[in-house]
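Source file: structure26.cif. Holds: mmCIF, C-alpha atoms.
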data_query
#
loop_
_atom_site.label_atom_id
_atom_site.label_comp_id
_atom_site.auth_asym_id
_atom_site.auth_seq_id
_atom_site.Cartn_x
_atom_site.Cartn_y
_atom_site.Cartn_z
CA MET V 1 -27.58 14.52 -0.16
CA ALA V 2 -29.62 11.39 0.39
CA GLU V 3 -28.59 9.71 -2.83
CA THR V 4 -27.36 6.16 -2.34
CA ILE V 5 -25.97 3.60 -4.75
CA THR V 6 -26.16 -0.15 -4.29
CA ILE V 7 -22.89 -1.88 -4.97
CA ARG V 8 -21.98 -5.55 -5.08
CA LEU V 9 -18.53 -6.71 -4.17
CA LYS V 10 -16.77 -9.82 -3.00
CA VAL V 11 -14.91 -9.27 0.24
CA ASN V 12 -12.59 -12.04 1.43
CA GLY V 13 -14.51 -14.54 -0.66
CA ILE V 14 -17.98 -13.50 0.53
CA GLU V 15 -20.44 -11.81 -1.86
CA ARG V 16 -21.78 -8.63 -0.30
CA GLU V 17 -24.37 -6.10 -1.37
CA VAL V 18 -24.42 -2.74 0.31
CA ALA V 19 -25.93 0.72 -0.09
CA VAL V 20 -23.30 3.45 -0.16
CA LYS V 21 -23.13 7.19 -0.61
CA PRO V 22 -21.02 8.36 -3.56
CA ASN V 23 -18.61 10.21 -1.29
CA GLU V 24 -17.84 7.19 0.88
CA ARG V 25 -14.52 5.53 0.31
CA LEU V 26 -13.87 1.82 -0.08
CA LEU V 27 -12.03 2.22 3.24
CA ASP V 28 -15.21 3.51 4.95
CA VAL V 29 -17.26 0.64 3.55
CA LEU V 30 -14.80 -1.99 4.74
CA ARG V 31 -14.52 -0.53 8.25
CA GLU V 32 -17.96 0.82 8.94
CA LYS V 33 -20.23 -1.50 6.96
CA PHE V 34 -18.29 -4.76 7.17
CA TYR V 35 -16.37 -4.14 10.42
CA ILE V 36 -13.08 -5.06 8.81
CA ASN V 37 -10.92 -3.05 11.14
CA SER V 38 -7.52 -4.27 9.97
CA VAL V 39 -7.84 -1.69 7.21
CA LYS V 40 -7.03 1.59 8.91
CA ALA V 41 -7.50 5.26 8.18
CA GLY V 42 -4.22 7.15 8.33
CA CYS V 43 -3.53 10.18 6.15
CA LEU V 44 -6.57 9.61 3.88
CA ARG V 45 -4.57 11.04 0.98
CA GLY V 46 -2.66 8.08 -0.36
CA GLU V 47 0.62 8.70 1.36
CA CYS V 48 0.87 6.41 4.38
CA GLY V 49 -0.52 3.23 2.81
CA ILE V 50 -2.07 2.03 6.08
CA CYS V 51 -5.38 1.36 4.26
CA THR V 52 -3.76 -0.93 1.66
CA VAL V 53 -5.87 -3.83 0.38
CA ILE V 54 -5.72 -6.11 -2.64
CA MET V 55 -8.44 -5.13 -5.11
CA ASN V 56 -8.92 -7.30 -8.19
CA GLY V 57 -5.44 -8.72 -7.65
CA LYS V 58 -3.80 -5.31 -7.39
CA LEU V 59 -2.28 -3.56 -4.42
CA VAL V 60 -4.34 -0.37 -3.86
CA LYS V 61 -4.89 2.25 -1.19
CA SER V 62 -8.56 1.99 -0.19
CA CYS V 63 -8.72 5.66 0.90
CA LEU V 64 -8.35 6.67 -2.76
CA VAL V 65 -11.09 4.42 -4.10
CA LEU V 66 -14.67 5.69 -3.95
CA ALA V 67 -17.20 3.12 -2.77
CA PRO V 68 -19.09 3.18 -6.09
CA GLU V 69 -15.81 2.52 -7.93
CA ALA V 70 -15.56 -0.77 -6.03
CA ASP V 71 -18.78 -2.08 -7.55
CA GLY V 72 -18.06 -5.57 -8.89
CA ALA V 73 -14.62 -5.70 -7.31
CA GLU V 74 -12.96 -8.48 -5.40
CA ILE V 75 -11.32 -7.29 -2.19
CA LEU V 76 -8.83 -9.14 -0.06
CA THR V 77 -7.75 -8.04 3.44
CA VAL V 78 -5.75 -9.88 6.11
CA GLU V 79 -9.01 -11.31 7.41
CA GLY V 80 -9.25 -13.25 4.16
CA LEU V 81 -5.72 -14.64 4.20
CA SER V 82 -6.15 -17.35 6.79
CA LYS V 83 -8.51 -19.40 8.91
CA PRO V 84 -8.47 -18.86 12.71
CA GLY V 85 -5.39 -20.52 14.21
CA LYS V 86 -3.92 -21.18 10.77
CA PRO V 87 -1.79 -18.22 9.68
CA SER V 88 -0.78 -17.92 6.02
CA VAL V 89 2.89 -18.30 5.09
CA VAL V 90 3.27 -14.54 5.07
CA GLN V 91 1.69 -14.21 8.51
CA ARG V 92 3.88 -17.03 9.85
CA ALA V 93 6.97 -15.37 8.40
CA PHE V 94 6.07 -12.01 9.98
CA ILE V 95 5.69 -13.72 13.36
CA GLU V 96 8.90 -15.73 13.12
CA LYS V 97 11.02 -12.86 11.77
CA PHE V 98 9.47 -10.18 14.04
CA GLY V 99 8.25 -8.22 11.00
CA PHE V 100 6.33 -5.78 13.20
CA GLN V 101 6.68 -3.74 16.33
CA CYS V 102 3.64 -1.72 17.44
CA GLY V 103 1.53 -3.55 14.86
CA PHE V 104 -0.39 -0.59 13.52
CA CYS V 105 0.93 -0.86 9.96
CA THR V 106 1.20 -4.66 10.02
CA PRO V 107 -2.04 -5.52 8.15
CA ALA V 108 -0.98 -3.20 5.32
CA PHE V 109 2.52 -4.70 5.19
CA VAL V 110 1.12 -8.23 5.32
CA MET V 111 -1.05 -7.39 2.29
CA ALA V 112 1.92 -5.87 0.43
CA ALA V 113 3.99 -8.93 1.37
CA HIS V 114 1.20 -11.28 0.25
CA TRP V 115 1.09 -9.46 -3.08
CA VAL V 116 4.87 -9.79 -3.51
CA VAL V 117 4.84 -13.50 -2.61
CA GLU V 118 1.96 -14.19 -5.02
CA ASN V 119 3.05 -12.00 -7.91
CA MET V 120 6.81 -11.60 -7.90
CA PRO V 121 8.39 -14.43 -5.90
CA ASP V 122 11.67 -14.06 -7.82
CA ALA V 123 12.01 -10.34 -7.16
CA PRO V 124 15.42 -9.18 -5.93
CA GLU V 125 15.52 -7.31 -2.62
CA GLU V 126 15.68 -3.94 -4.44
CA GLU V 127 12.33 -4.61 -6.12
CA ILE V 128 10.74 -5.78 -2.87
CA LYS V 129 11.88 -2.50 -1.31
CA GLU V 130 10.28 -0.58 -4.16
CA ILE V 131 6.94 -2.27 -3.54
CA LEU V 132 7.26 -1.46 0.16
CA ASN V 133 7.53 2.25 -0.68
CA SER V 134 3.74 2.11 -0.71
CA VAL V 135 3.43 1.66 3.04
CA ILE V 136 5.03 3.57 5.88
CA CYS V 137 6.20 1.99 9.14
CA ARG V 138 7.46 4.27 11.88
CA CYS V 139 8.95 1.64 14.21
CA THR V 140 10.83 -1.20 12.56
CA GLY V 141 13.05 0.45 10.00
CA TYR V 142 11.77 -2.13 7.48
CA LYS V 143 14.68 -4.57 7.89
CA GLN V 144 12.68 -7.27 9.64
CA ILE V 145 9.77 -6.73 7.27
CA ILE V 146 12.00 -7.39 4.25
CA GLU V 147 13.49 -10.43 5.98
CA ALA V 148 9.98 -11.70 6.71
CA ILE V 149 9.02 -11.35 3.05
CA LYS V 150 12.12 -13.20 1.87
CA TYR V 151 11.40 -15.90 4.43
CA ALA V 152 7.76 -16.14 3.30
CA ILE V 153 8.92 -16.64 -0.29
CA GLU V 154 11.20 -19.41 0.99
CA LEU V 155 8.38 -21.02 3.01
CA LYS V 156 6.10 -20.97 0.00
CA ARG V 157 8.77 -22.55 -2.19
CA GLN V 158 9.21 -25.38 0.32
CA ALA V 159 5.48 -26.01 0.61
CA MET A 160 -2.77 33.37 -1.75
CA ARG A 161 -2.30 30.68 0.87
CA THR A 162 -4.33 27.54 0.53
CA VAL A 163 -6.24 26.84 3.72
CA LEU A 164 -5.92 23.15 4.37
CA ALA A 165 -9.18 21.65 5.53
CA PHE A 166 -8.40 18.33 7.17
CA ARG A 167 -11.74 16.73 6.55
CA THR A 168 -12.14 13.00 6.94
CA ILE A 169 -15.42 12.87 5.00
CA LEU A 170 -15.31 13.86 1.35
CA PRO A 171 -17.67 16.62 0.21
CA THR A 172 -20.89 15.34 -1.36
CA PHE A 173 -21.34 15.01 -5.10
CA THR A 174 -23.38 13.12 -7.68
CA TYR A 175 -21.54 10.11 -9.13
CA HIS A 176 -21.80 9.36 -12.83
CA ARG A 177 -20.41 6.33 -14.62
CA PRO A 178 -21.04 6.66 -18.36
CA SER A 179 -20.47 3.56 -20.45
CA SER A 180 -19.74 5.30 -23.75
CA LEU A 181 -17.71 8.27 -24.94
CA ALA A 182 -20.84 9.87 -26.41
CA GLU A 183 -22.53 9.72 -23.02
CA LEU A 184 -19.44 11.23 -21.35
CA LEU A 185 -19.24 14.12 -23.83
CA GLU A 186 -22.90 14.90 -23.35
CA LEU A 187 -22.50 14.95 -19.56
CA LYS A 188 -19.43 17.16 -19.79
CA ALA A 189 -21.21 19.52 -22.20
CA LYS A 190 -24.10 19.83 -19.77
CA LEU A 191 -22.18 20.04 -16.47
CA GLY A 192 -18.99 21.85 -17.56
CA LYS A 193 -16.66 22.81 -14.74
CA ASP A 194 -19.06 21.51 -12.07
CA ALA A 195 -18.04 18.03 -13.17
CA ALA A 196 -14.66 16.54 -12.33
CA ILE A 197 -13.30 13.63 -14.36
CA LEU A 198 -12.37 10.61 -12.24
CA ALA A 199 -9.90 8.15 -13.71
CA GLY A 200 -7.39 7.02 -11.08
CA GLY A 201 -8.54 9.55 -8.50
CA THR A 202 -5.11 9.82 -6.90
CA ASP A 203 -5.07 13.60 -7.40
CA LEU A 204 -8.82 14.32 -7.44
CA LEU A 205 -9.72 12.57 -4.18
CA VAL A 206 -6.76 14.18 -2.41
CA ASP A 207 -7.79 17.64 -3.65
CA MET A 208 -11.37 16.96 -2.54
CA LYS A 209 -10.24 15.81 0.88
CA MET A 210 -8.05 18.89 1.27
CA GLY A 211 -10.90 21.19 0.22
CA VAL A 212 -9.02 22.41 -2.87
CA LYS A 213 -11.71 21.01 -5.19
CA ARG A 214 -15.41 20.65 -4.54
CA PRO A 215 -17.11 19.39 -7.70
CA SER A 216 -20.90 18.84 -7.59
CA HIS A 217 -20.51 16.00 -10.07
CA VAL A 218 -17.85 13.34 -10.44
CA ILE A 219 -17.71 11.46 -13.74
CA ASP A 220 -15.95 8.10 -13.48
CA ILE A 221 -14.64 7.25 -16.95
CA LYS A 222 -13.41 3.75 -16.16
CA GLY A 223 -16.60 2.19 -17.47
CA ILE A 224 -15.86 3.45 -21.01
CA LYS A 225 -14.09 0.58 -22.74
CA GLU A 226 -13.03 2.58 -25.81
CA LEU A 227 -10.90 4.86 -23.59
CA HIS A 228 -8.83 2.00 -22.19
CA VAL A 229 -6.17 1.92 -24.88
CA LEU A 230 -2.46 1.23 -24.88
CA GLU A 231 -1.19 0.41 -28.35
CA TYR A 232 1.89 0.93 -30.46
CA LYS A 233 2.05 1.07 -34.23
CA GLU A 234 5.40 1.00 -36.00
CA GLY A 235 5.89 4.39 -37.63
CA SER A 236 2.99 6.25 -36.03
CA GLY A 237 3.92 5.68 -32.40
CA LEU A 238 2.18 5.04 -29.13
CA ILE A 239 -1.45 5.76 -28.29
CA ILE A 240 -2.34 5.96 -24.62
CA GLY A 241 -5.98 6.21 -23.59
CA PRO A 242 -7.03 8.23 -20.53
CA THR A 243 -7.75 5.21 -18.34
CA ALA A 244 -4.46 3.41 -18.99
CA THR A 245 -2.74 3.25 -15.60
CA LEU A 246 0.87 4.14 -14.88
CA ARG A 247 1.43 0.57 -13.73
CA GLU A 248 0.23 -0.71 -17.12
CA LEU A 249 2.78 1.56 -18.78
CA GLU A 250 5.55 0.64 -16.36
CA THR A 251 5.09 -3.09 -16.93
CA ASN A 252 4.88 -2.77 -20.73
CA SER A 253 8.15 -4.12 -22.17
CA LEU A 254 7.66 -2.31 -25.47
CA LEU A 255 7.44 1.03 -23.68
CA LYS A 256 10.64 0.28 -21.80
CA GLU A 257 12.45 -0.53 -25.03
CA LYS A 258 11.02 2.14 -27.37
CA TYR A 259 10.33 5.02 -24.98
CA PRO A 260 12.93 4.63 -22.21
CA VAL A 261 12.59 8.23 -20.95
CA LEU A 262 8.83 7.92 -20.50
CA TRP A 263 9.19 4.50 -18.89
CA ASP A 264 11.84 5.84 -16.52
CA ALA A 265 9.64 8.80 -15.52
CA VAL A 266 6.50 6.70 -15.01
CA ARG A 267 8.19 4.20 -12.69
CA LYS A 268 9.49 7.10 -10.57
CA ILE A 269 5.99 8.49 -9.88
CA ALA A 270 4.74 7.90 -6.32
CA ASP A 271 4.59 4.19 -5.39
CA VAL A 272 3.29 0.93 -6.82
CA ALA A 273 -0.11 1.04 -5.10
CA LEU A 274 -0.74 4.55 -6.45
CA ARG A 275 0.53 3.65 -9.93
CA GLU A 276 -2.05 0.80 -10.02
CA ARG A 277 -4.75 3.51 -10.01
CA ALA A 278 -3.13 6.69 -11.33
CA THR A 279 -3.22 7.37 -15.07
CA LEU A 280 -0.87 9.16 -17.45
CA ALA A 281 -3.70 11.39 -18.71
CA GLY A 282 -4.50 12.33 -15.12
CA ASN A 283 -0.89 13.29 -14.45
CA ILE A 284 -1.07 15.61 -17.49
CA ALA A 285 -4.59 16.96 -16.85
CA ASN A 286 -3.68 17.82 -13.25
CA ALA A 287 -1.01 20.13 -14.73
CA SER A 288 1.24 20.18 -11.68
CA PRO A 289 4.59 21.87 -12.36
CA ALA A 290 6.08 18.76 -10.71
CA ALA A 291 4.34 16.21 -12.98
CA ASP A 292 7.03 13.63 -13.70
CA SER A 293 5.50 12.33 -16.91
CA ALA A 294 5.35 15.80 -18.49
CA PRO A 295 9.09 16.33 -19.22
CA ALA A 296 9.31 12.80 -20.63
CA LEU A 297 6.31 13.35 -22.90
CA LEU A 298 7.75 16.74 -23.93
CA VAL A 299 11.03 15.27 -25.20
CA TYR A 300 9.01 12.80 -27.31
CA ASP A 301 6.88 15.70 -28.62
CA ALA A 302 3.64 14.06 -27.46
CA LYS A 303 0.23 15.35 -28.56
CA VAL A 304 -2.95 15.44 -26.51
CA GLU A 305 -6.30 14.72 -28.15
CA LEU A 306 -9.04 16.81 -26.56
CA THR A 307 -12.61 15.91 -27.37
CA SER A 308 -15.87 17.71 -26.74
CA ILE A 309 -19.37 17.24 -28.05
CA ASN A 310 -18.31 19.49 -30.96
CA GLY A 311 -15.42 17.28 -32.06
CA SER A 312 -11.73 16.62 -31.41
CA ARG A 313 -8.58 18.70 -31.61
CA LEU A 314 -4.95 17.71 -31.30
CA VAL A 315 -2.80 19.93 -29.06
CA PRO A 316 0.99 19.52 -28.84
CA LEU A 317 1.88 18.98 -25.18
CA ARG A 318 4.38 21.83 -25.64
CA GLU A 319 1.36 24.16 -25.92
CA PHE A 320 -0.90 22.39 -23.41
CA PHE A 321 0.17 23.86 -20.06
CA THR A 322 -0.63 27.50 -19.35
CA GLY A 323 0.11 27.85 -15.62
CA VAL A 324 0.14 26.07 -12.26
CA LYS A 325 -2.69 23.51 -12.59
CA LYS A 326 -3.89 25.33 -15.70
CA THR A 327 -4.17 24.01 -19.26
CA VAL A 328 -5.73 24.93 -22.61
CA MET A 329 -8.58 22.47 -21.94
CA LYS A 330 -12.05 23.95 -22.24
CA GLU A 331 -14.83 23.24 -19.74
CA ASN A 332 -16.57 20.79 -22.05
CA GLU A 333 -13.43 18.94 -23.14
CA VAL A 334 -11.89 15.69 -21.97
CA ILE A 335 -8.58 14.03 -22.82
CA THR A 336 -9.33 11.11 -25.13
CA LYS A 337 -5.79 10.17 -26.18
CA ILE A 338 -2.16 10.92 -25.63
CA ILE A 339 -0.17 10.28 -28.79
CA VAL A 340 3.56 9.75 -28.46
CA PRO A 341 5.21 9.81 -31.91
CA GLU A 342 7.87 7.36 -33.00
CA PRO A 343 11.12 8.48 -31.33
CA PRO A 344 14.16 9.43 -33.47
CA ALA A 345 16.01 6.26 -34.53
CA GLY A 346 18.49 5.09 -31.90
CA ALA A 347 17.22 7.56 -29.29
CA LYS A 348 18.18 6.86 -25.69
CA GLY A 349 17.75 8.86 -22.55
CA GLU A 350 16.54 8.97 -19.01
CA TYR A 351 14.50 10.88 -16.46
CA PHE A 352 16.47 12.21 -13.52
CA LYS A 353 14.26 12.85 -10.49
CA ALA A 354 15.86 14.64 -7.57
CA VAL A 355 14.01 13.61 -4.40
CA ARG A 356 14.54 13.19 -0.68
CA SER A 357 12.62 9.91 -0.57
CA ALA A 358 10.99 7.75 -3.22
CA GLU A 359 7.37 8.84 -2.70
CA ASP A 360 8.32 12.53 -2.73
CA LEU A 361 7.49 15.04 -5.46
CA ALA A 362 10.42 16.02 -7.65
CA LEU A 363 12.63 18.82 -6.30
CA VAL A 364 13.71 18.99 -9.92
CA GLY A 365 12.92 16.55 -12.72
CA ILE A 366 14.99 16.40 -15.90
CA ALA A 367 14.15 14.41 -19.03
CA ALA A 368 16.97 14.02 -21.54
CA LEU A 369 16.77 12.35 -24.95
CA VAL A 370 19.73 11.93 -27.31
CA ALA A 371 20.08 10.30 -30.74
CA ASN A 372 23.06 10.10 -33.12
CA PRO A 373 25.49 11.97 -30.84
CA ASN A 374 28.44 11.77 -33.28
CA ASN A 375 26.75 13.03 -36.42
CA PRO A 376 25.83 16.75 -36.15
CA ALA A 377 23.45 16.65 -39.12
CA GLU A 378 21.44 13.79 -37.63
CA ARG A 379 22.00 14.62 -33.98
CA VAL A 380 18.93 15.06 -31.75
CA VAL A 381 19.24 16.42 -28.21
CA ARG A 382 16.12 17.29 -26.26
CA LEU A 383 15.75 18.49 -22.66
CA ALA A 384 12.65 19.13 -20.56
CA TYR A 385 12.15 19.98 -16.90
CA ALA A 386 9.70 19.62 -14.00
CA SER A 387 9.50 21.70 -10.80
CA VAL A 388 11.48 24.64 -12.22
CA ALA A 389 8.69 26.98 -13.36
CA PRO A 390 4.87 27.37 -13.17
CA THR A 391 4.58 24.75 -15.92
CA PRO A 392 6.75 21.86 -17.12
CA VAL A 393 9.39 23.37 -19.42
CA TYR A 394 10.63 22.18 -22.82
CA VAL A 395 13.80 24.01 -23.87
CA LYS A 396 13.51 23.98 -27.65
CA GLU A 397 16.67 26.09 -28.21
CA VAL A 398 18.80 23.15 -27.06
CA GLU A 399 17.66 21.01 -29.99
CA GLU A 400 18.71 23.73 -32.48
CA LEU A 401 22.03 24.31 -30.70
CA PHE A 402 23.15 20.70 -31.02
CA LYS A 403 22.73 20.74 -34.82
CA LYS A 404 25.92 22.82 -34.90
CA ASP A 405 29.13 21.07 -35.92
CA GLU A 406 31.13 22.20 -32.90
CA PRO A 407 32.94 20.36 -30.10
CA LEU A 408 30.40 18.68 -27.81
CA ASN A 409 32.01 20.04 -24.65
CA LYS A 410 31.47 23.59 -25.87
CA LEU A 411 27.86 22.84 -26.87
CA ILE A 412 27.12 21.27 -23.49
CA LYS A 413 28.33 24.45 -21.74
CA GLU A 414 26.18 26.60 -24.00
CA ALA A 415 23.18 24.30 -23.49
CA VAL A 416 23.43 24.59 -19.70
CA ASN A 417 23.47 28.39 -19.97
CA ILE A 418 20.45 28.38 -22.26
CA VAL A 419 18.56 26.11 -19.87
CA LEU A 420 19.40 28.31 -16.87
CA SER A 421 18.01 31.32 -18.73
CA LYS A 422 14.72 29.48 -19.42
CA VAL A 423 13.88 28.23 -15.92
CA SER A 424 12.53 30.22 -12.97
CA PRO A 425 12.28 27.98 -9.92
CA ILE A 426 10.81 29.14 -6.62
CA SER A 427 11.77 28.34 -3.04
CA ASP A 428 9.24 26.15 -1.24
CA VAL A 429 9.05 23.51 1.50
CA ARG A 430 10.90 21.01 -0.66
CA ALA A 431 13.90 23.02 -1.88
CA THR A 432 15.20 26.55 -2.30
CA ARG A 433 15.44 28.34 -5.63
CA GLU A 434 19.23 28.29 -5.36
CA TYR A 435 19.37 24.53 -4.77
CA ARG A 436 17.02 23.91 -7.70
CA LEU A 437 19.21 26.04 -10.00
CA HIS A 438 22.24 24.15 -8.76
CA LEU A 439 20.57 20.84 -9.60
CA VAL A 440 19.52 22.07 -13.05
CA LYS A 441 23.05 23.26 -13.82
CA TYR A 442 24.97 20.19 -12.72
CA VAL A 443 22.52 17.44 -13.57
CA THR A 444 21.90 18.83 -17.06
CA ALA A 445 25.65 18.79 -17.77
CA TYR A 446 25.97 15.32 -16.21
CA LEU A 447 23.14 13.84 -18.30
CA LEU A 448 24.37 15.43 -21.53
CA ARG A 449 27.93 14.20 -21.01
CA LYS A 450 26.68 10.72 -20.21
CA LEU A 451 24.23 10.44 -23.13
CA LEU A 452 26.56 12.10 -25.66
CA GLY A 453 29.47 9.94 -24.57
CA VAL A 454 31.71 12.86 -23.56
CA LYS A 455 34.37 12.25 -20.90
#
How does this structure look as structure tokens?
Amino acid sequence: MAETITIRLKVNGIEREVAVKPNERLLDVLREKFYINSVKAGCLRGECGICTVIMNGKLVKSCLVLAPEADGAEILTVEGLSKPGKPSVVQRAFIEKFGFQCGFCTPAFVMAAHWVVENMPDAPEEEIKEILNSVICRCTGYKQIIEAIKYAIELKRQA
Amino acid sequence: MRTVLAFRTILPTFTYHRPSSLAELLELKAKLGKDAAILAGGTDLLVDMKMGVKRPSHVIDIKGIKELHVLEYKEGSGLIIGPTATLRELETNSLLKEKYPVLWDAVRKIADVALRERATLAGNIANASPAADSAPALLVYDAKVELTSINGSRLVPLREFFTGVKKTVMKENEVITKIIVPEPPAGAKGEYFKAVRSAEDLALVGIAALVANPNNPAERVVRLAYASVAPTPVYVKEVEELFKKDEPLNKLIKEAVNIVLSKVSPISDVRATREYRLHLVKYVTAYLLRKLLGVK
């Protein structure tokens, strides 16, 4: 099917216009059209959370959003969190607290952490853990990730 | 029949529609019928399409229809939930938490936050999975589903909505336009017990329990409904009648458990055996009833 749809979206602060096929996912658009490779394809069925981005201020799995559904949306990925050489508080906290191991899931966790820091800075650890259910890490056991998030909240409070 | 799992990375092709009014949607659905899948949250549809279980030629995204995005409560008549209201919107609604604790409890136990930002209550019902967590909760509140086609609307009690695994009374040209949850009995409390291995898992067994006026037999309301114990979510209506009797609660609880066990027919699958599911039904039902009825 040759049918294409033109969508407009704002990715990491930049207005983009792109032709997509209806059966492409937001994930495919970010990776293949915009070369945003921090957003990864894992299970492609909403389980692993490795494709997590912030869409219109909400934490979503980009493998379960069709490209045409993202028309008019604002998308944030780790590439939009910081300027080169200037990590965001969440990124700094992940580095200082070793909130990663192999690094594969890290962009997704950084986005989840960013969302927590921005939207629920007073959340108790139990609630932070609930948010983290969305993303799977197979190395760290989550402890350092949770510590990094708590530290990021602290850093932000100090700033 | 075994489902052959096609691990495709590219979704099958389809034509994408995004109507901006209900009238436009009903016309499309009348024309395209079962070739058209309704897309609200997409958290079931896109997975089924990826796995090759569904291959619709048309996908109708209903999120552009403003009149379907409803979440409102009216004292006396209850809660109206439109088909594009997300689970996250329900979960974060303080009125829902206070007035409909069983539904709130079930909704927040579905999948994870990122999925609940997209997934809708109507989608959970329309998908008609035996493991749908919202179904038992809606059943104990005696929710109704408004189905609309180009020929008009009809109101179906949720207790008559499910007909089999992933099967419902919905006709090819119909869409869910509302879920109506009536005012709960005064003083009703309750919870949704979801037996799982890990948080994102499907329910091994899900049990919704609602209780009001435990100490006054004439006014007493006890309702139980189950997920993952039969081809459809199960509402055990006999329990409500049983608890109108003026008999010791301990005796009634025992009888209720026996009634429930006679109404469920779980299977063994990858998640749990039939025996384990029956065990959960037996003990958790008694546990919830004792807790909510205030019996030691």
Name the residues within 7 Å of (-17.9, 7.7, -1.3), counting all atoms listed in the file in the file's coordinates, and put them as a ChimeraX atom specification. /V:20-25,66-68
Could you please determine the separation between atom CA of Ser253 of chain A and atom CA of Phe352 of chain A in Å, to one decimal place?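 If I compute the distance from atom CA of Ser253 of chain A to atom CA of Phe352 of chain A, I get 20.3 Å.
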In Å, rounded to a single decimal, give me how far atom CA of Asn12 of chain V is from atom CA of Ala41 of chain V.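 Atom-to-atom, atom CA of Ala41 of chain V to atom CA of Asn12 of chain V, that is 19.3 Å.
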Once you count only C-alpha atoms, which residues of chain A turn out to be within 6 Å of chain V? Could you give them as a list of chain:residue names?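 Written out as asked, the residues are A:Leu170, A:Thr172, A:Tyr175, A:Val206, A:Asp271, A:Val272, A:Ala273.
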Could you name the residues that touch Lys156 of chain V at 12 Å or less, counting only C-alpha atoms, but leaving out those on the same chain fewer than 2 positions away, as a list in words?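 Listing them by chain and then by number gives Ser88, Val89, Val90, Gln91, Arg92, Ala93, His114, Val116, Val117, Glu118, Pro121, Asp122, Ile149, Lys150, Tyr151, Ala152, Ile153, Glu154, Gln158 and Ala159 of chain V.
Atom pair atom CA of Phe109 of chain V / atom CA of Leu249 of chain A has a distance of 24.8 Å (rounded to one decimal).
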Which centre and which edge lengths, in Å to one decimal, describe the axis-aligned box that holds all listed atoms of segment 95-107 of chain V after 3 Å is added on each side, as lines of an AutoDock Vina configuration file?
center_x = 4.5
center_y = -8.2
center_z = 12.8
size_x = 19.1
size_y = 21.1
size_z = 15.3
From V:Ile136, V:Ile146, V:Ile50, V:Met120, residue lying nearest Leu27 of chain V [all atoms listed in the file]: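 Once distances to Leu27 of chain V are computed over all atoms listed in the file, the minimum belongs to V:Ile50.
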Mind telling me what the PyMOL selection byres ((chain A and resi 192) around 12) catches here, as a ChimeraX atom specification? /A:184-191,193-197,215-219,308-309,329-334
Writing out the chosen residues with C-alpha atoms as a PDB file, in the frame of the given file:
ATOM      1  CA  LEU A 184     -19.440  11.230 -21.350  1.00  0.00           C
ATOM      2  CA  LEU A 185     -19.240  14.120 -23.830  1.00  0.00           C
ATOM      3  CA  GLU A 186     -22.900  14.900 -23.350  1.00  0.00           C
ATOM      4  CA  LEU A 187     -22.500  14.950 -19.560  1.00  0.00           C
ATOM      5  CA  LYS A 188     -19.430  17.160 -19.790  1.00  0.00           C
ATOM      6  CA  ALA A 189     -21.210  19.520 -22.200  1.00  0.00           C
ATOM      7  CA  LYS A 190     -24.100  19.830 -19.770  1.00  0.00           C
ATOM      8  CA  LEU A 191     -22.180  20.040 -16.470  1.00  0.00           C
ATOM      9  CA  LYS A 193     -16.660  22.810 -14.740  1.00  0.00           C
ATOM     10  CA  ASP A 194     -19.060  21.510 -12.070  1.00  0.00           C
ATOM     11  CA  ALA A 195     -18.040  18.030 -13.170  1.00  0.00           C
ATOM     12  CA  ALA A 196     -14.660  16.540 -12.330  1.00  0.00           C
ATOM     13  CA  ILE A 197     -13.300  13.630 -14.360  1.00  0.00           C
ATOM     14  CA  PRO A 215     -17.110  19.390  -7.700  1.00  0.00           C
ATOM     15  CA  SER A 216     -20.900  18.840  -7.590  1.00  0.00           C
ATOM     16  CA  HIS A 217     -20.510  16.000 -10.070  1.00  0.00           C
ATOM     17  CA  VAL A 218     -17.850  13.340 -10.440  1.00  0.00           C
ATOM     18  CA  ILE A 219     -17.710  11.460 -13.740  1.00  0.00           C
ATOM     19  CA  SER A 308     -15.870  17.710 -26.740  1.00  0.00           C
ATOM     20  CA  ILE A 309     -19.370  17.240 -28.050  1.00  0.00           C
ATOM     21  CA  MET A 329      -8.580  22.470 -21.940  1.00  0.00           C
ATOM     22  CA  LYS A 330     -12.050  23.950 -22.240  1.00  0.00           C
ATOM     23  CA  GLU A 331     -14.830  23.240 -19.740  1.00  0.00           C
ATOM     24  CA  ASN A 332     -16.570  20.790 -22.050  1.00  0.00           C
ATOM     25  CA  GLU A 333     -13.430  18.940 -23.140  1.00  0.00           C
ATOM     26  CA  VAL A 334     -11.890  15.690 -21.970  1.00  0.00           C
TER      27      VAL A 334
END
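Nearest to Pro425 of chain A of all the residues A:Leu361, A:Leu439, A:Leu204, A:Leu262 is A:Leu439, based on all atoms listed in the file.
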Could you list, as JSON, numbers by chain, every residue matched by the PyMOL selection byres ((chain V and resi 15) around 12) in this structure? {"V": [7, 8, 9, 10, 11, 12, 13, 14, 16, 17, 18, 34, 71, 72, 73, 74, 75]}
As a list in words, please: the residues near Gly365 of chain A (cut-off 6 Å, only C-alpha atoms, same-chain neighbours under 4 positions excluded).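 Returned residues: Phe352, Lys353, Tyr385 and Ala386 of chain A.
Within 9 Å of Ala294 of chain A, once all atoms listed in the file are used and residues closer than 4 positions along the same chain are dropped, the contacting residues are Leu262, Ala265, Asn283, Ile284, Ala287, Pro289, Ala290, Leu298, Val299, Leu317, Ala367, Ala384, Tyr385, Ala386, Pro392 and Val393 of chain A.
Between Lys40 of chain V and the candidates V:Ile145, V:Leu155, V:Ala123, V:Val78, the tightest atom-to-atom separation, counting all atoms listed in the file, involves V:Val78.
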